[in-house]
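S.K.: See run_36.tsv below, with TSV, C-alpha atoms and all ligand atoms.
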chain	number	residue	atom	x	y	z
A	318	MET	CA	22.99	53.08	-1.10
A	319	PRO	CA	22.10	51.98	2.44
A	320	ALA	CA	24.70	50.11	4.48
A	321	THR	CA	24.11	46.38	5.27
A	322	PRO	CA	23.19	46.08	8.98
A	323	THR	CA	25.54	44.01	11.11
A	324	ILE	CA	24.86	42.52	14.53
A	325	GLU	CA	27.59	42.76	17.08
A	326	THR	CA	27.41	39.88	19.57
A	327	GLY	CA	30.65	40.60	21.28
A	328	GLU	CA	31.80	37.02	20.71
A	329	PRO	CA	34.45	36.33	18.16
A	330	SER	CA	33.19	34.21	15.26
A	331	PRO	CA	34.96	30.85	14.81
A	332	PRO	CA	37.61	30.68	12.17
A	333	LEU	CA	36.34	29.49	8.80
A	334	ASP	CA	38.47	26.28	8.89
A	335	ALA	CA	37.00	25.19	12.24
A	336	ALA	CA	33.40	25.72	11.00
A	337	VAL	CA	34.05	23.66	7.86
A	338	GLY	CA	35.73	20.94	9.95
A	339	ARG	CA	32.71	20.71	12.28
A	340	ARG	CA	30.33	20.48	9.33
A	341	ALA	CA	32.38	17.72	7.72
A	342	LEU	CA	32.53	15.85	11.04
A	343	LEU	CA	28.76	16.17	11.42
A	344	ARG	CA	28.24	14.86	7.88
A	345	TRP	CA	30.53	11.89	8.56
A	346	GLY	CA	28.75	11.18	11.82
A	347	ILE	CA	25.30	11.23	10.26
A	348	GLY	CA	26.48	9.21	7.25
A	349	GLY	CA	28.16	6.64	9.49
A	350	GLY	CA	25.06	6.32	11.69
A	351	LEU	CA	22.82	5.83	8.67
A	352	GLY	CA	25.25	3.28	7.25
A	353	ILE	CA	25.22	1.26	10.48
A	354	ALA	CA	21.42	1.43	10.66
A	355	LEU	CA	21.15	0.31	7.03
A	356	ALA	CA	23.54	-2.61	7.61
A	357	ALA	CA	21.54	-3.72	10.67
A	358	ALA	CA	18.28	-3.52	8.72
A	359	LEU	CA	19.73	-5.54	5.82
A	360	ARG	CA	21.06	-8.18	8.22
A	361	ALA	CA	17.65	-8.47	9.93
A	362	ALA	CA	15.92	-8.73	6.53
A	363	TRP	CA	18.37	-11.44	5.41
A	364	ARG	CA	17.79	-13.48	8.56
A	365	PHE	CA	14.03	-13.08	8.12
A	366	LEU	CA	14.13	-14.27	4.53
A	367	MET	CA	16.73	-17.01	5.02
A	368	PRO	CA	16.16	-18.69	8.40
A	369	PRO	CA	18.93	-21.09	9.45
A	370	LEU	CA	18.44	-24.66	8.33
A	371	PRO	CA	19.48	-27.67	10.41
A	372	THR	CA	22.94	-28.91	9.48
A	373	SER	CA	22.96	-32.45	10.92
A	374	ARG	CA	20.52	-35.35	10.65
A	375	PRO	CA	18.16	-35.23	13.65
A	376	ALA	CA	17.72	-38.33	15.82
A	377	PRO	CA	14.38	-40.13	16.28
A	378	VAL	CA	12.30	-38.78	19.15
A	379	ALA	CA	10.11	-40.81	21.52
A	380	VAL	CA	6.54	-39.56	21.95
A	381	PRO	CA	5.11	-41.41	24.97
A	382	ALA	CA	1.89	-39.36	24.90
A	383	ALA	CA	1.04	-40.53	21.37
A	384	ALA	CA	-0.56	-43.80	22.54
A	385	SER	CA	-3.29	-41.86	24.31
A	386	LEU	CA	-3.92	-39.54	21.37
A	387	PRO	CA	-7.59	-39.82	20.39
A	388	VAL	CA	-8.72	-40.37	16.80
A	389	GLY	CA	-8.73	-36.92	15.20
A	390	GLY	CA	-6.12	-35.69	17.69
A	391	ARG	CA	-2.91	-33.81	16.95
A	392	LEU	CA	0.17	-33.41	19.11
A	393	TYR	CA	3.10	-31.06	18.51
A	394	VAL	CA	6.49	-32.61	19.28
A	395	ALA	CA	8.96	-29.75	19.63
A	396	GLU	CA	12.08	-31.98	19.77
A	397	ALA	CA	11.17	-33.47	16.39
A	398	ARG	CA	9.71	-30.25	14.98
A	399	ALA	CA	6.77	-32.37	13.89
A	400	PHE	CA	3.13	-33.05	14.50
A	401	VAL	CA	1.92	-36.53	15.41
A	402	LEU	CA	-1.64	-37.15	14.32
A	403	ARG	CA	-4.13	-39.96	14.52
A	404	ASP	CA	-7.01	-40.70	12.20
A	405	GLU	CA	-9.28	-43.72	11.73
A	406	ALA	CA	-6.50	-45.60	9.90
A	407	GLY	CA	-3.79	-45.00	12.51
A	408	PHE	CA	-0.93	-42.68	13.44
A	409	TYR	CA	1.17	-40.52	11.16
A	410	ALA	CA	3.52	-37.57	11.50
A	411	LEU	CA	3.97	-34.38	9.52
A	412	SER	CA	7.04	-32.18	9.57
A	413	ALA	CA	6.39	-28.72	11.01
A	414	ILE	CA	9.14	-27.25	8.83
A	415	CYS	CA	7.69	-25.03	6.13
A	416	THR	CA	8.69	-26.10	2.63
A	417	HIS	CA	9.25	-22.49	1.59
A	418	LEU	CA	12.27	-21.40	3.62
A	419	GLY	CA	12.21	-23.58	6.71
A	420	CYS	CA	10.26	-21.64	9.33
A	421	LEU	CA	8.13	-23.65	11.75
A	422	VAL	CA	4.44	-23.80	10.92
A	423	GLN	CA	1.75	-23.54	13.58
A	424	ALA	CA	-1.48	-25.46	13.86
A	425	SER	CA	-4.23	-23.27	12.45
A	426	GLY	CA	-7.75	-24.67	12.53
A	427	PRO	CA	-7.62	-28.12	10.98
A	428	GLY	CA	-4.49	-27.17	8.98
A	429	TYR	CA	-1.26	-25.25	9.41
A	430	ALA	CA	0.00	-21.72	8.82
A	431	CYS	CA	3.48	-20.30	8.46
A	432	ALA	CA	3.92	-16.87	10.00
A	433	CYS	CA	7.10	-16.08	8.06
A	434	HIS	CA	5.64	-15.45	4.61
A	435	GLY	CA	2.04	-16.53	4.93
A	436	SER	CA	1.95	-20.07	3.53
A	437	ARG	CA	-1.04	-22.16	4.55
A	438	PHE	CA	-1.49	-25.93	4.47
A	439	ASP	CA	-4.53	-28.16	4.80
A	440	ALA	CA	-4.96	-30.85	7.45
A	441	GLY	CA	-2.96	-33.32	5.36
A	442	GLY	CA	-0.11	-30.84	4.84
A	443	ALA	CA	-0.94	-29.91	1.21
A	444	PRO	CA	-0.24	-26.27	0.36
A	445	LEU	CA	-3.32	-24.03	0.11
A	446	GLY	CA	-1.68	-20.67	-0.48
A	447	GLY	CA	1.46	-18.61	-0.06
A	448	PRO	CA	4.93	-19.28	-1.42
A	449	ALA	CA	5.44	-22.84	-0.07
A	450	PRO	CA	5.98	-25.03	-3.14
A	451	ARG	CA	5.43	-28.49	-1.63
A	452	PRO	CA	3.35	-30.24	1.05
A	453	LEU	CA	4.62	-30.65	4.58
A	454	PRO	CA	6.49	-33.98	4.39
A	455	ALA	CA	5.15	-37.04	6.18
A	456	LEU	CA	7.78	-38.43	8.57
A	457	ALA	CA	8.69	-42.01	9.42
A	458	ILE	CA	7.21	-43.31	12.67
A	459	ALA	CA	7.46	-46.66	14.46
A	460	TRP	CA	6.85	-48.28	17.84
A	461	ASN	CA	9.97	-48.96	19.90
A	462	LYS	CA	10.49	-51.94	22.25
A	463	GLU	CA	8.99	-50.01	25.15
A	464	GLY	CA	5.80	-49.42	23.18
A	465	GLN	CA	6.50	-45.75	22.61
A	466	LEU	CA	5.86	-44.11	19.29
A	467	MET	CA	9.09	-42.85	17.70
A	468	VAL	CA	9.15	-40.02	15.17
A	469	ASP	CA	12.15	-39.80	12.89
A	470	PRO	CA	12.44	-36.19	11.69
A	471	GLY	CA	15.29	-37.20	9.39
A	472	ARG	CA	13.33	-39.76	7.37
A	473	SER	CA	10.29	-39.14	5.23
A	474	ALA	CA	7.37	-41.53	4.76
A	475	GLU	CA	4.64	-42.07	2.20
A	476	PRO	CA	1.90	-39.50	2.79
A	477	ASP	CA	-0.77	-42.20	3.15
A	478	ALA	CA	1.24	-44.50	5.44
A	479	ARG	CA	-0.36	-45.12	8.84
A	480	LEU	CA	0.88	-46.91	11.93
A	481	ARG	CA	-1.66	-49.00	13.80
A	482	LEU	CA	-1.97	-48.76	17.57
A	483	GLN	CA	0.29	-51.34	19.17
A	484	ARG	CA	-1.59	-54.02	21.09
A	485	GLY	CA	-0.40	-55.98	24.03
B	501	LIG	S1	9.12	-20.02	5.40
B	501	LIG	FE1	8.19	-18.73	3.94
B	501	LIG	S2	6.10	-19.22	4.05
B	501	LIG	FE2	7.01	-20.50	5.49
Can you present the structure in this file as structure tokens?
M.R.:
Amino acid sequence: MPATPTIETGEPSPPLDAAVGRRALLRWGIGGGLGIALAAALRAAWRFLMPPLPTSRPAPVAVPAAASLPVGGRLYVAEARAFVLRDEAGFYALSAICTHLGCLVQASGPGYACACHGSRFDAGGAPLGGPAPRPLPALAIAWNKEGQLMVDPGRSAEPDARLRLQRG
């Protein structure tokens, strides 16, 4: 029977306990790294699916530029997270907060689109597709003493309610 060849490197091989210890340490390191990466991915997914919702009632916001809005025009009011619009009947406001999970919708053609999960709304805020279950709510608006249009993001309005241009 032929002898098994051996290679002499001249270096002493590490003791068996040290080799096992390094392997275990490597396994723990890789496992720990994967665990941290998984936790970060789950956290990011949770924040994507459940965006933070406002916790206090927002205050009415003045929109001085609304008076010069032309019929058919639309103005985004970031402070109110709302759109102010004007049609033949008058002014109205729609919330820009998606009725699915609260992301902000963007103007998209004559309607609106939510980038979070793909909901789409028509020009009046009615849902056209995607997971949003309800229309974008109409918001209360009024003229203040200075003749500025005020949007109240904390109060809803009837969808067909319109505010006439203030005269005088
Ligand atoms: S938040 Fe999900 S579609 Fe808008």
S.K.: Compute the set of protein, DNA and RNA residues whose minimum atom distance to ligand LIG 501 (chain B) is at most 8 Å, using only C-alpha atoms and all ligand atoms, and state it as a JSON list (two decimals) with C-alpha atoms, in the coordinates of the input.
M.R.:
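Generated output (out32.json):
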[["chain", "number", "residue", "atom", "x", "y", "z"],
["A", 366, "LEU", "CA", 14.13, -14.27, 4.53],
["A", 368, "PRO", "CA", 16.16, -18.69, 8.40],
["A", 414, "ILE", "CA", 9.14, -27.25, 8.83],
["A", 415, "CYS", "CA", 7.69, -25.03, 6.13],
["A", 416, "THR", "CA", 8.69, -26.10, 2.63],
["A", 417, "HIS", "CA", 9.25, -22.49, 1.59],
["A", 418, "LEU", "CA", 12.27, -21.40, 3.62],
["A", 419, "GLY", "CA", 12.21, -23.58, 6.71],
["A", 420, "CYS", "CA", 10.26, -21.64, 9.33],
["A", 421, "LEU", "CA", 8.13, -23.65, 11.75],
["A", 422, "VAL", "CA", 4.44, -23.80, 10.92],
["A", 430, "ALA", "CA", 0.00, -21.72, 8.82],
["A", 431, "CYS", "CA", 3.48, -20.30, 8.46],
["A", 432, "ALA", "CA", 3.92, -16.87, 10.00],
["A", 433, "CYS", "CA", 7.10, -16.08, 8.06],
["A", 434, "HIS", "CA", 5.64, -15.45, 4.61],
["A", 435, "GLY", "CA", 2.04, -16.53, 4.93],
["A", 436, "SER", "CA", 1.95, -20.07, 3.53],
["A", 437, "ARG", "CA", -1.04, -22.16, 4.55],
["A", 447, "GLY", "CA", 1.46, -18.61, -0.06],
["A", 448, "PRO", "CA", 4.93, -19.28, -1.42],
["A", 449, "ALA", "CA", 5.44, -22.84, -0.07]]
S.K.: As an exercise, work out the distance from atom CA of Leu386 of chain A to atom CA of Gly441 of chain A in Å and give it to one decimal place.
M.R.: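 Straight-line distance from atom CA of Leu386 of chain A to atom CA of Gly441 of chain A works out to 17.2 Å.
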S.K.: Got a sec to check which residues sit within 8 Å of (6.5, -38.6, 6.5), counting only C-alpha atoms, and write them as a list in words?
M.R.: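 Taken together, the residues in range are Tyr409, Ala410, Leu411, Ser412, Pro454, Ala455, Leu456, Ala457, Ile458, Arg472, Ser473, Ala474, Glu475, Pro476 and Ala478 of chain A.
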S.K.: Choose the residue, out of A:Asp439, A:Glu463, A:Asp334, A:Asp469, that has the smallest atom-to-atom separation from Arg398 of chain A; count only C-alpha atoms.
M.R.: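 The answer is A:Asp469, which sits nearest to Arg398 of chain A.
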S.K.: One number please: atom CA of Val401 of chain A to atom CA of Phe438 of chain A, in Å, one decimal.
M.R.: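 Atom CA of Val401 of chain A sits 15.6 Å away from atom CA of Phe438 of chain A.
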S.K.: Between atom CA of Asp477 of chain A and atom CA of Arg374 of chain A, what is the distance, to one decimal in Å?
M.R.: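 Pair atom CA of Asp477 of chain A / atom CA of Arg374 of chain A returns 23.6 Å.
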S.K.: Rank A:Ala413, A:Lys462, A:Leu342, A:Phe408 by their smallest atom-to-atom distance to Ala384 of chain A, using only C-alpha atoms, and report the top residue only.
M.R.: A:Phe408
S.K.: Restricting the calculation to only C-alpha atoms: of A:Arg391, A:Arg339, A:Arg360, A:Arg451, which residue gets closest to Arg403 of chain A?
M.R.: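 Of all the options, A:Arg391 lies closest to Arg403 of chain A.
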S.K.: Tell me which of A:Glu405, A:Pro450, A:Arg481, A:Val337 sits closest to Pro387 of chain A, counting all atoms listed in the file.
M.R.: A:Glu405
S.K.: When you look at Ala459 of chain A with a cut-off of 7 Å (counting only C-alpha atoms), what residues show up, excluding the ones that are within fewer than 6 positions of it in the same chain? I need them as number ranges by chain.
M.R.: A: 466-468
S.K.: For each of A:Pro452, A:Ala376, A:Ala440, A:Ala362, take the minimum atom-to-atom distance to Gly390 of chain A, counting all atoms listed in the file, then give the residue where this is smallest.
M.R.: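 With all atoms listed in the file as the atom set, the closest residue is A:Ala440.
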